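One file, target.tsv, carrying TSV, C-alpha atoms:
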chain	number	residue	atom	x	y	z
Z	1	MET	CA	51.75	-46.72	-36.17
Z	2	THR	CA	52.26	-48.67	-32.99
Z	3	GLU	CA	49.66	-49.97	-30.59
Z	4	SER	CA	51.02	-48.26	-27.56
Z	5	THR	CA	47.98	-48.13	-25.34
Z	6	ASP	CA	46.92	-50.43	-22.55
Z	7	GLN	CA	43.76	-51.43	-24.42
Z	8	PRO	CA	43.45	-54.65	-26.44
Z	9	PRO	CA	42.48	-53.98	-30.09
Z	10	PRO	CA	38.71	-53.61	-30.44
Z	11	LYS	CA	36.47	-56.26	-31.94
Z	12	LEU	CA	35.61	-55.66	-35.59
Z	13	THR	CA	31.95	-55.10	-34.73
Z	14	THR	CA	32.91	-52.57	-32.07
Z	15	LEU	CA	35.25	-50.84	-34.50
Z	16	PHE	CA	32.55	-50.66	-37.15
Z	17	SER	CA	29.90	-49.31	-34.82
Z	18	ALA	CA	32.30	-46.70	-33.46
Z	19	PHE	CA	32.97	-45.37	-36.98
Z	20	LEU	CA	29.28	-45.64	-37.89
Z	21	ASN	CA	28.47	-43.58	-34.84
Z	22	ILE	CA	30.98	-40.88	-35.79
Z	23	GLY	CA	29.64	-40.82	-39.33
Z	24	LEU	CA	26.10	-40.41	-38.11
Z	25	THR	CA	26.67	-37.77	-35.45
Z	26	SER	CA	29.33	-35.57	-37.02
Z	27	PHE	CA	26.99	-32.77	-38.04
Z	28	GLY	CA	28.84	-29.71	-39.23
Z	29	GLY	CA	32.04	-31.56	-40.15
Z	30	GLY	CA	35.13	-31.67	-37.96
Z	31	LEU	CA	35.32	-35.46	-38.17
Z	32	SER	CA	38.99	-35.70	-37.26
Z	33	GLY	CA	38.08	-33.94	-34.04
Z	34	TRP	CA	35.30	-36.44	-33.37
Z	35	MET	CA	37.68	-39.32	-34.07
Z	36	HIS	CA	40.26	-37.92	-31.69
Z	37	ARG	CA	37.70	-37.63	-28.91
Z	38	GLU	CA	36.36	-41.10	-29.55
Z	39	PHE	CA	39.52	-43.14	-30.13
Z	40	VAL	CA	42.13	-41.29	-28.07
Z	41	ALA	CA	40.27	-39.49	-25.28
Z	42	ARG	CA	37.28	-41.78	-24.62
Z	43	ARG	CA	38.09	-45.33	-25.71
Z	44	ARG	CA	41.90	-45.08	-25.49
Z	45	TRP	CA	42.38	-47.32	-28.51
Z	46	MET	CA	45.42	-45.35	-29.64
Z	47	SER	CA	47.92	-42.95	-28.17
Z	48	GLU	CA	47.75	-39.28	-29.03
Z	49	ALA	CA	51.12	-39.56	-30.79
Z	50	ASP	CA	49.94	-42.40	-33.04
Z	51	PHE	CA	46.72	-40.57	-33.82
Z	52	LEU	CA	48.52	-37.36	-34.78
Z	53	SER	CA	51.04	-39.27	-36.90
Z	54	GLY	CA	48.13	-40.90	-38.71
Z	55	LEU	CA	46.54	-37.51	-39.15
Z	56	ALA	CA	49.71	-36.11	-40.71
Z	57	MET	CA	49.90	-39.06	-43.13
Z	58	ALA	CA	46.20	-38.75	-43.96
Z	59	GLN	CA	46.66	-35.06	-44.76
Z	60	ALA	CA	49.67	-35.69	-46.96
Z	61	MET	CA	47.93	-38.25	-49.18
Z	62	PRO	CA	45.38	-37.43	-51.85
Z	63	GLY	CA	41.81	-37.97	-50.80
Z	64	VAL	CA	39.48	-36.72	-48.12
Z	65	ASN	CA	41.43	-36.39	-44.89
Z	66	VAL	CA	38.89	-38.04	-42.65
Z	67	VAL	CA	38.38	-40.95	-45.03
Z	68	ASN	CA	42.15	-41.45	-45.18
Z	69	LEU	CA	42.33	-41.18	-41.41
Z	70	ALA	CA	39.57	-43.78	-41.00
Z	71	ILE	CA	41.47	-46.19	-43.25
Z	72	TRP	CA	44.70	-45.49	-41.36
Z	73	ILE	CA	43.18	-46.00	-37.92
Z	74	GLY	CA	41.12	-49.02	-39.01
Z	75	PHE	CA	44.21	-50.65	-40.46
Z	76	ALA	CA	46.36	-49.83	-37.43
Z	77	LEU	CA	43.80	-51.36	-35.10
Z	78	ARG	CA	42.53	-54.37	-37.05
Z	79	GLY	CA	44.37	-54.73	-40.37
Z	80	SER	CA	42.66	-54.83	-43.77
Z	81	ALA	CA	39.24	-55.79	-42.43
Z	82	GLY	CA	39.49	-52.95	-39.95
Z	83	ALA	CA	40.35	-50.48	-42.72
Z	84	ALA	CA	37.41	-51.62	-44.87
Z	85	LEU	CA	34.94	-51.49	-41.99
Z	86	ALA	CA	36.20	-48.12	-40.81
Z	87	VAL	CA	35.78	-46.43	-44.17
Z	88	THR	CA	32.40	-48.05	-44.78
Z	89	GLY	CA	31.23	-47.14	-41.31
Z	90	VAL	CA	32.25	-43.52	-41.47
Z	91	LEU	CA	30.68	-42.94	-44.92
Z	92	ALA	CA	27.56	-45.15	-45.02
Z	93	ALA	CA	25.26	-43.10	-42.82
Z	94	PRO	CA	26.36	-39.65	-44.05
Z	95	ILE	CA	25.76	-40.69	-47.66
Z	96	VAL	CA	22.13	-41.46	-46.84
Z	97	VAL	CA	21.68	-38.49	-44.52
Z	98	ILE	CA	23.01	-35.88	-46.95
Z	99	ILE	CA	20.53	-37.01	-49.58
Z	100	LEU	CA	17.69	-36.88	-47.07
Z	101	ILE	CA	18.74	-33.37	-46.05
Z	102	GLY	CA	18.93	-32.49	-49.75
Z	103	VAL	CA	15.35	-33.65	-50.19
Z	104	VAL	CA	14.14	-31.68	-47.16
Z	105	TYR	CA	16.12	-28.64	-48.18
Z	106	GLY	CA	14.67	-28.81	-51.67
Z	107	ARG	CA	11.25	-28.55	-50.07
Z	108	TYR	CA	11.90	-26.05	-47.26
Z	109	GLY	CA	15.13	-24.45	-48.44
Z	110	GLY	CA	13.44	-21.10	-48.93
Z	111	LEU	CA	12.97	-20.84	-45.17
Z	112	THR	CA	15.72	-18.70	-43.71
Z	113	SER	CA	15.44	-20.54	-40.40
Z	114	VAL	CA	16.59	-23.78	-42.05
Z	115	HIS	CA	19.51	-21.89	-43.50
Z	116	ALA	CA	20.34	-20.36	-40.11
Z	117	VAL	CA	20.27	-23.72	-38.33
Z	118	LEU	CA	22.66	-25.25	-40.86
Z	119	ALA	CA	25.02	-22.29	-40.50
Z	120	GLY	CA	24.90	-22.45	-36.70
Z	121	VAL	CA	25.79	-26.14	-36.66
Z	122	THR	CA	28.67	-25.51	-39.05
Z	123	ALA	CA	30.05	-22.66	-36.94
Z	124	ALA	CA	29.94	-24.71	-33.73
Z	125	ALA	CA	31.61	-27.66	-35.47
Z	126	VAL	CA	34.58	-25.45	-36.35
Z	127	GLY	CA	35.37	-25.73	-32.64
Z	128	LEU	CA	36.14	-29.42	-33.11
Z	129	SER	CA	38.63	-28.67	-35.88
Z	130	LEU	CA	40.22	-25.83	-33.95
Z	131	THR	CA	40.57	-28.00	-30.84
Z	132	LEU	CA	42.28	-30.76	-32.76
Z	133	GLY	CA	44.39	-28.22	-34.67
Z	134	TRP	CA	45.50	-26.74	-31.35
Z	135	ARG	CA	46.52	-30.18	-30.01
Z	136	ALA	CA	48.33	-31.08	-33.22
Z	137	ALA	CA	50.06	-27.71	-33.26
Z	138	ARG	CA	51.25	-27.98	-29.66
Z	139	ARG	CA	52.77	-31.37	-30.33
Z	140	ALA	CA	54.21	-30.55	-33.75
Z	141	ALA	CA	55.81	-27.25	-32.78
Z	142	GLY	CA	58.37	-28.63	-30.36
Z	143	GLU	CA	61.31	-27.61	-32.55
Z	144	PRO	CA	61.80	-24.03	-33.75
Z	145	GLY	CA	62.04	-25.26	-37.35
Z	146	SER	CA	58.73	-27.09	-37.06
Z	147	LEU	CA	57.08	-24.05	-35.55
Z	148	VAL	CA	58.23	-21.94	-38.49
Z	149	ILE	CA	56.85	-24.50	-40.96
Z	150	LEU	CA	53.57	-24.64	-39.06
Z	151	LEU	CA	53.18	-20.87	-38.99
Z	152	ALA	CA	54.17	-20.60	-42.65
Z	153	THR	CA	51.49	-23.17	-43.58
Z	154	PHE	CA	48.85	-21.40	-41.56
Z	155	ALA	CA	49.81	-17.91	-42.73
Z	156	THR	CA	49.93	-18.75	-46.44
Z	157	VAL	CA	46.97	-21.11	-46.80
Z	158	GLY	CA	44.83	-19.78	-43.96
Z	159	MET	CA	45.45	-16.05	-43.73
Z	160	MET	CA	46.65	-15.14	-47.22
Z	161	GLN	CA	44.55	-17.83	-48.91
Z	162	TRP	CA	47.25	-18.96	-51.26
Z	163	PRO	CA	46.37	-22.14	-53.16
Z	164	MET	CA	47.23	-25.14	-51.04
Z	165	LEU	CA	48.94	-27.32	-53.61
Z	166	PRO	CA	51.98	-25.14	-54.46
Z	167	VAL	CA	52.41	-24.21	-50.79
Z	168	VAL	CA	52.43	-27.85	-49.78
Z	169	ALA	CA	54.75	-28.72	-52.67
Z	170	VAL	CA	57.33	-26.31	-51.25
Z	171	LEU	CA	56.82	-26.79	-47.52
Z	172	VAL	CA	56.61	-30.60	-47.39
Z	173	PRO	CA	60.10	-31.23	-48.85
Z	174	LEU	CA	61.49	-28.40	-46.70
Z	175	SER	CA	59.95	-29.82	-43.56
Z	176	LEU	CA	61.13	-33.34	-44.39
Z	177	ILE	CA	64.70	-32.10	-44.93
Z	178	LEU	CA	64.54	-30.38	-41.55
Z	179	ALA	CA	63.23	-33.53	-39.89
Z	180	PHE	CA	65.93	-35.75	-41.42
Z	181	ARG	CA	68.73	-33.33	-40.61
Z	182	ARG	CA	67.50	-33.11	-37.07
Z	183	GLY	CA	67.57	-36.88	-36.81
Z	184	ALA	CA	71.11	-37.07	-38.20
Z	185	ARG	CA	72.55	-34.89	-35.46
O	186	MET	CA	29.66	-39.80	-72.63
O	187	ARG	CA	27.16	-36.97	-72.56
O	188	ASP	CA	24.20	-39.30	-72.88
O	189	ASN	CA	25.30	-41.49	-70.00
O	190	PRO	CA	25.20	-39.44	-66.79
O	191	LEU	CA	26.67	-42.25	-64.65
O	192	LEU	CA	29.73	-42.52	-66.86
O	193	ALA	CA	30.07	-38.74	-66.88
O	194	LEU	CA	29.98	-38.68	-63.06
O	195	LEU	CA	32.61	-41.39	-62.92
O	196	VAL	CA	35.11	-39.82	-65.33
O	197	THR	CA	34.58	-36.39	-63.77
O	198	PHE	CA	35.08	-37.28	-60.12
O	199	ALA	CA	37.54	-40.20	-60.15
O	200	PRO	CA	40.51	-38.07	-61.31
O	201	LEU	CA	39.63	-35.43	-58.71
O	202	SER	CA	39.94	-38.13	-56.05
O	203	LEU	CA	43.66	-38.41	-56.77
O	204	ALA	CA	44.07	-34.65	-57.16
O	205	SER	CA	42.67	-33.86	-53.71
O	206	ILE	CA	45.96	-33.51	-51.87
O	207	GLY	CA	45.58	-31.72	-48.56
O	208	GLY	CA	41.92	-32.62	-48.24
O	209	GLY	CA	38.59	-32.48	-49.98
O	210	LEU	CA	38.35	-28.70	-49.93
O	211	SER	CA	41.32	-28.45	-52.28
O	212	ILE	CA	39.17	-29.75	-55.12
O	213	LEU	CA	36.02	-27.82	-54.29
O	214	SER	CA	36.55	-25.26	-57.04
O	215	ASP	CA	37.18	-28.08	-59.52
O	216	ILE	CA	33.97	-29.80	-58.44
O	217	GLN	CA	32.15	-26.50	-58.90
O	218	HIS	CA	33.69	-25.84	-62.29
O	219	GLN	CA	32.93	-29.33	-63.60
O	220	SER	CA	29.37	-29.50	-62.24
O	221	VAL	CA	28.25	-25.97	-63.06
O	222	ASP	CA	30.28	-24.75	-66.04
O	223	VAL	CA	31.26	-27.93	-67.88
O	224	HIS	CA	28.39	-30.38	-67.38
O	225	HIS	CA	25.59	-27.96	-66.37
O	226	TRP	CA	24.37	-30.41	-63.76
O	227	LEU	CA	23.41	-27.54	-61.48
O	228	THR	CA	23.23	-23.76	-61.40
O	229	GLN	CA	25.65	-21.70	-59.35
O	230	ALA	CA	22.91	-21.06	-56.75
O	231	GLN	CA	22.16	-24.77	-56.47
O	232	PHE	CA	25.84	-25.48	-56.00
O	233	LEU	CA	26.05	-22.99	-53.12
O	234	ASP	CA	22.99	-24.57	-51.51
O	235	ASP	CA	24.60	-28.00	-51.84
O	236	PHE	CA	27.78	-26.64	-50.32
O	237	GLY	CA	25.91	-25.31	-47.28
O	238	ILE	CA	24.17	-28.64	-46.85
O	239	SER	CA	27.37	-30.66	-47.19
O	240	ARG	CA	29.02	-28.53	-44.52
O	241	ALA	CA	26.22	-28.90	-42.00
O	242	ALA	CA	25.41	-32.55	-42.75
O	243	PRO	CA	27.30	-35.32	-40.94
O	244	GLY	CA	30.36	-36.68	-42.69
O	245	PRO	CA	33.03	-35.01	-44.78
O	246	ASN	CA	32.16	-31.94	-46.88
O	247	THR	CA	33.25	-33.81	-49.96
O	248	LEU	CA	29.90	-35.60	-49.81
O	249	ILE	CA	28.72	-32.62	-51.84
O	250	VAL	CA	29.74	-34.94	-54.68
O	251	THR	CA	27.23	-37.53	-53.47
O	252	LEU	CA	24.51	-34.92	-53.41
O	253	ILE	CA	25.38	-33.77	-56.92
O	254	GLY	CA	25.36	-37.40	-58.11
O	255	TRP	CA	21.93	-37.85	-56.61
O	256	GLN	CA	20.61	-34.73	-58.26
O	257	VAL	CA	22.00	-35.88	-61.62
O	258	ALA	CA	20.94	-39.53	-61.60
O	259	GLY	CA	19.18	-40.53	-58.40
O	260	TRP	CA	20.52	-43.18	-56.05
O	261	ALA	CA	22.67	-44.77	-58.75
O	262	GLY	CA	24.21	-41.37	-59.40
O	263	ALA	CA	24.88	-40.89	-55.69
O	264	ALA	CA	26.55	-44.30	-55.50
O	265	VAL	CA	28.71	-43.80	-58.59
O	266	ALA	CA	29.77	-40.28	-57.57
O	267	SER	CA	30.67	-41.47	-54.05
O	268	LEU	CA	32.69	-44.43	-55.27
O	269	ALA	CA	34.45	-42.28	-57.86
O	270	ILE	CA	35.55	-39.67	-55.35
O	271	PHE	CA	36.49	-42.04	-52.52
O	272	VAL	CA	37.84	-45.29	-53.97
O	273	PRO	CA	40.95	-44.20	-55.92
O	274	SER	CA	42.50	-42.22	-53.06
O	275	SER	CA	41.42	-44.85	-50.52
O	276	VAL	CA	43.25	-47.61	-52.38
O	277	LEU	CA	46.38	-45.47	-52.35
O	278	VAL	CA	46.15	-44.76	-48.63
O	279	TYR	CA	45.51	-48.41	-47.88
O	280	GLY	CA	48.66	-49.32	-49.82
O	281	LEU	CA	50.65	-46.76	-47.83
O	282	ALA	CA	49.25	-48.07	-44.55
O	283	ARG	CA	50.44	-51.57	-45.49
O	284	LEU	CA	53.88	-50.24	-46.41
O	285	TRP	CA	54.03	-48.34	-43.12
O	286	ARG	CA	53.25	-51.46	-41.15
O	287	ARG	CA	55.88	-53.48	-42.99
O	288	TYR	CA	58.63	-51.03	-42.04
O	289	ARG	CA	57.27	-50.18	-38.64
O	290	GLY	CA	59.89	-48.77	-36.30
O	291	ALA	CA	62.24	-47.74	-39.10
O	292	PRO	CA	63.91	-44.43	-38.20
O	293	TRP	CA	62.95	-42.79	-41.50
O	294	GLN	CA	59.31	-43.46	-40.71
O	295	ALA	CA	59.33	-41.43	-37.53
O	296	LYS	CA	61.20	-38.66	-39.34
O	297	ILE	CA	58.67	-38.48	-42.14
O	298	GLU	CA	55.84	-38.38	-39.62
O	299	ARG	CA	57.58	-35.63	-37.69
O	300	GLY	CA	58.26	-33.70	-40.89
O	301	LEU	CA	54.62	-33.84	-41.95
O	302	ALA	CA	53.16	-33.06	-38.52
O	303	PRO	CA	53.59	-29.25	-38.54
O	304	ILE	CA	52.09	-29.00	-42.02
O	305	ALA	CA	49.12	-31.13	-41.01
O	306	ALA	CA	48.55	-28.94	-37.97
O	307	GLY	CA	48.87	-25.77	-40.03
O	308	LEU	CA	46.42	-27.06	-42.64
O	309	ILE	CA	43.82	-28.01	-40.03
O	310	LEU	CA	43.95	-24.55	-38.49
O	311	ALA	CA	43.93	-22.92	-41.93
O	312	GLY	CA	40.93	-25.04	-42.94
O	313	ALA	CA	39.01	-23.92	-39.84
O	314	LEU	CA	39.83	-20.31	-40.64
O	315	ASN	CA	38.61	-20.73	-44.20
O	316	VAL	CA	35.32	-22.25	-43.06
O	317	LEU	CA	34.77	-19.28	-40.75
O	318	ARG	CA	35.71	-16.77	-43.40
O	319	THR	CA	33.03	-18.07	-45.76
O	320	ALA	CA	30.50	-18.87	-43.02
O	321	ASP	CA	27.09	-17.28	-42.90
O	322	GLY	CA	26.47	-15.20	-39.83
O	323	GLY	CA	29.64	-13.08	-39.80
O	324	TRP	CA	30.88	-12.26	-36.30
O	325	LEU	CA	28.26	-14.58	-34.78
O	326	ALA	CA	29.90	-17.55	-36.51
O	327	TRP	CA	33.30	-16.53	-35.11
O	328	ALA	CA	31.81	-16.13	-31.63
O	329	VAL	CA	30.06	-19.52	-31.71
O	330	ALA	CA	33.21	-21.22	-33.02
O	331	GLY	CA	35.32	-19.51	-30.36
O	332	VAL	CA	33.04	-20.50	-27.49
O	333	SER	CA	32.80	-24.03	-28.86
O	334	THR	CA	36.60	-24.32	-29.08
O	335	LEU	CA	37.18	-23.02	-25.55
O	336	ALA	CA	34.50	-25.33	-24.15
O	337	LEU	CA	35.97	-28.39	-25.89
O	338	LEU	CA	39.51	-27.58	-24.74
O	339	ARG	CA	38.35	-26.94	-21.18
O	340	TYR	CA	35.93	-29.87	-20.82
O	341	GLN	CA	37.40	-32.94	-22.51
O	342	ARG	CA	34.31	-35.06	-21.99
O	343	LEU	CA	31.77	-32.51	-23.10
O	344	SER	CA	29.53	-33.82	-25.87
O	345	PRO	CA	30.15	-31.89	-29.10
O	346	PHE	CA	26.52	-32.62	-29.90
O	347	LEU	CA	25.47	-30.22	-27.18
O	348	LEU	CA	27.58	-27.47	-28.72
O	349	LEU	CA	26.23	-28.11	-32.23
O	350	GLY	CA	22.69	-27.86	-30.86
O	351	LEU	CA	23.52	-24.64	-29.06
O	352	GLY	CA	25.09	-23.24	-32.22
O	353	ALA	CA	21.92	-24.04	-34.14
O	354	LEU	CA	19.77	-22.44	-31.41
O	355	VAL	CA	21.86	-19.25	-31.28
O	356	PHE	CA	21.70	-18.85	-35.04
O	357	ALA	CA	17.97	-19.61	-35.18
O	358	ALA	CA	17.32	-17.07	-32.43
O	359	ALA	CA	19.45	-14.44	-34.16
O	360	ASN	CA	17.54	-15.15	-37.37
O	361	LEU	CA	14.19	-14.62	-35.60
O	362	LEU	CA	15.35	-11.35	-34.02
O	363	ALA	CA	16.84	-9.99	-37.21
Please lay out the structure from this file as structure tokens.
Amino acid sequence: MTESTDQPPPKLTTLFSAFLNIGLTSFGGGLSGWMHREFVARRRWMSEADFLSGLAMAQAMPGVNVVNLAIWIGFALRGSAGAALAVTGVLAAPIVVIILIGVVYGRYGGLTSVHAVLAGVTAAAVGLSLTLGWRAARRAAGEPGSLVILLATFATVGMMQWPMLPVVAVLVPLSLILAFRRGAR
Amino acid sequence: MRDNPLLALLVTFAPLSLASIGGGLSILSDIQHQSVDVHHWLTQAQFLDDFGISRAAPGPNTLIVTLIGWQVAGWAGAAVASLAIFVPSSVLVYGLARLWRRYRGAPWQAKIERGLAPIAAGLILAGALNVLRTADGGWLAWAVAGVSTLALLRYQRLSPFLLLGLGALVFAAANLLA
């Protein structure tokens, strides 16, 4: 968690509006992907390495990944106030919007076209997750051991649909041991 | 407890907040079980509708909890359910972020981050695969997701909004033709 970009840390209002914007526009999910585009690619507030480290920490902790990631990024950029504004920003609009969609759906949900539109948005948004997953995978898989861990995670949880918790309970300690042994050499 | 829906929402969802390791989807079946089987807040069909909405709506899918809260007890229910699912884990992550800053630059920190990175990457890819597997639209969903991924990798500055709109259009058109 280092501020290793050329940009000065954003103003709190700018930070808040950036997260608000992501919350409001992230139809179909894939919020980590949106955040990567916004904070690393477009605004250059953080380096890719810092972002992906934050992502790994956010995944490892209980809670919704993108909410954890918002707290992590907000705190890295602007401390406690940044964390609070980031999490508020990213959740405020979606909380209102999902209820509004619920109301509309309750009225027009029988229409298959509404159903189709929702499904189409969701499918396209998978692209954001896959893009970020690809970036994270390329960076994480530098060592053969890491690549094996990555593939094992994907194969068990993704392809074989094993429950995530036991898989993670085995692979996280294994991966940490590998990382520490690598560092000791 | 049964006569106070707000309290029921709170004690149902707050523990799930801390159980959701690996992301919100890991507790989806618990949310379903609690809301449909235990508390009878919704029917199975309603739950599936809510799930579809929460996936397409902006924000994390876990906001399905907000929607359920709203259906149980209006805006107060939505607020209580949201706070219950987000606050406990958020406090924990905030504490960890503080700890991380205090020991910034420590060698063990970089090692932990490097150890977690491949698992995070694997889980993101697995999550995407699971969304596609349960997506409506079958091969069309895979095709739209594939095109969207290639476009985003190829054109870094492309607006994802455009792709989401196109995805909606393709699906709506397919629905009309079907």
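Computed from the coordinates, the atom CA of Pro200 of chain O to atom CA of Phe232 of chain O distance equals 20.0 Å.
For the atom pair formed by atom CA of Leu85 of chain Z and atom CA of Thr122 of chain Z, the distance is 26.9 Å, given to one decimal.
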Between atom CA of Gly102 of chain Z and atom CA of Ala358 of chain O lies a distance of 23.2 Å
Pull out every residue of chain O that has at least one atom within 6 Å of chain Z, counting only C-alpha atoms, and report them as a ChimeraX atom specification. /O:202-203,205-209,240-245,252,274,296,298,300-307,309-311,313,321,326,329-330,333-334,349,352-353,356-357
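Each of Z:Ala169, Z:Val40, Z:Leu111, Z:Ala86 was compared to Asn21 of chain Z using all atoms listed in the file, and Z:Ala86 turns out to be the nearest.
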Since the input has fewer atoms than a full residue there, write segment 47-61 of chain Z out with N, CA and C atoms, as a PDB file, keeping the file's coordinate frame.
ATOM      1  N   SER Z  47      47.294 -44.071 -28.873  1.00  0.00           N
ATOM      2  CA  SER Z  47      47.920 -42.950 -28.170  1.00  0.00           C
ATOM      3  C   SER Z  47      47.732 -41.689 -29.005  1.00  0.00           C
ATOM      4  N   GLU Z  48      47.852 -40.549 -28.328  1.00  0.00           N
ATOM      5  CA  GLU Z  48      47.750 -39.280 -29.030  1.00  0.00           C
ATOM      6  C   GLU Z  48      48.812 -39.160 -30.128  1.00  0.00           C
ATOM      7  N   ALA Z  49      50.022 -39.644 -29.811  1.00  0.00           N
ATOM      8  CA  ALA Z  49      51.120 -39.560 -30.790  1.00  0.00           C
ATOM      9  C   ALA Z  49      50.791 -40.353 -32.044  1.00  0.00           C
ATOM     10  N   ASP Z  50      50.279 -41.576 -31.877  1.00  0.00           N
ATOM     11  CA  ASP Z  50      49.940 -42.400 -33.040  1.00  0.00           C
ATOM     12  C   ASP Z  50      48.813 -41.754 -33.846  1.00  0.00           C
ATOM     13  N   PHE Z  51      47.839 -41.210 -33.129  1.00  0.00           N
ATOM     14  CA  PHE Z  51      46.720 -40.570 -33.820  1.00  0.00           C
ATOM     15  C   PHE Z  51      47.210 -39.395 -34.664  1.00  0.00           C
ATOM     16  N   LEU Z  52      48.061 -38.551 -34.060  1.00  0.00           N
ATOM     17  CA  LEU Z  52      48.520 -37.360 -34.780  1.00  0.00           C
ATOM     18  C   LEU Z  52      49.449 -37.726 -35.930  1.00  0.00           C
ATOM     19  N   SER Z  53      50.220 -38.797 -35.774  1.00  0.00           N
ATOM     20  CA  SER Z  53      51.040 -39.270 -36.900  1.00  0.00           C
ATOM     21  C   SER Z  53      50.134 -39.707 -38.040  1.00  0.00           C
ATOM     22  N   GLY Z  54      49.091 -40.467 -37.698  1.00  0.00           N
ATOM     23  CA  GLY Z  54      48.130 -40.900 -38.710  1.00  0.00           C
ATOM     24  C   GLY Z  54      47.473 -39.717 -39.388  1.00  0.00           C
ATOM     25  N   LEU Z  55      47.172 -38.702 -38.605  1.00  0.00           N
ATOM     26  CA  LEU Z  55      46.540 -37.510 -39.150  1.00  0.00           C
ATOM     27  C   LEU Z  55      47.463 -36.817 -40.154  1.00  0.00           C
ATOM     28  N   ALA Z  56      48.750 -36.740 -39.804  1.00  0.00           N
ATOM     29  CA  ALA Z  56      49.710 -36.110 -40.710  1.00  0.00           C
ATOM     30  C   ALA Z  56      49.815 -36.899 -42.018  1.00  0.00           C
ATOM     31  N   MET Z  57      49.834 -38.226 -41.926  1.00  0.00           N
ATOM     32  CA  MET Z  57      49.900 -39.060 -43.130  1.00  0.00           C
ATOM     33  C   MET Z  57      48.619 -38.892 -43.956  1.00  0.00           C
ATOM     34  N   ALA Z  58      47.481 -38.878 -43.263  1.00  0.00           N
ATOM     35  CA  ALA Z  58      46.200 -38.750 -43.960  1.00  0.00           C
ATOM     36  C   ALA Z  58      46.115 -37.428 -44.711  1.00  0.00           C
ATOM     37  N   GLN Z  59      46.682 -36.374 -44.111  1.00  0.00           N
ATOM     38  CA  GLN Z  59      46.660 -35.060 -44.760  1.00  0.00           C
ATOM     39  C   GLN Z  59      47.562 -35.039 -45.990  1.00  0.00           C
ATOM     40  N   ALA Z  60      48.679 -35.762 -45.895  1.00  0.00           N
ATOM     41  CA  ALA Z  60      49.670 -35.690 -46.960  1.00  0.00           C
ATOM     42  C   ALA Z  60      49.226 -36.445 -48.210  1.00  0.00           C
ATOM     43  N   MET Z  61      48.353 -37.434 -48.038  1.00  0.00           N
ATOM     44  CA  MET Z  61      47.930 -38.250 -49.180  1.00  0.00           C
ATOM     45  C   MET Z  61      46.755 -37.592 -49.891  1.00  0.00           C
TER      46      MET Z  61
END
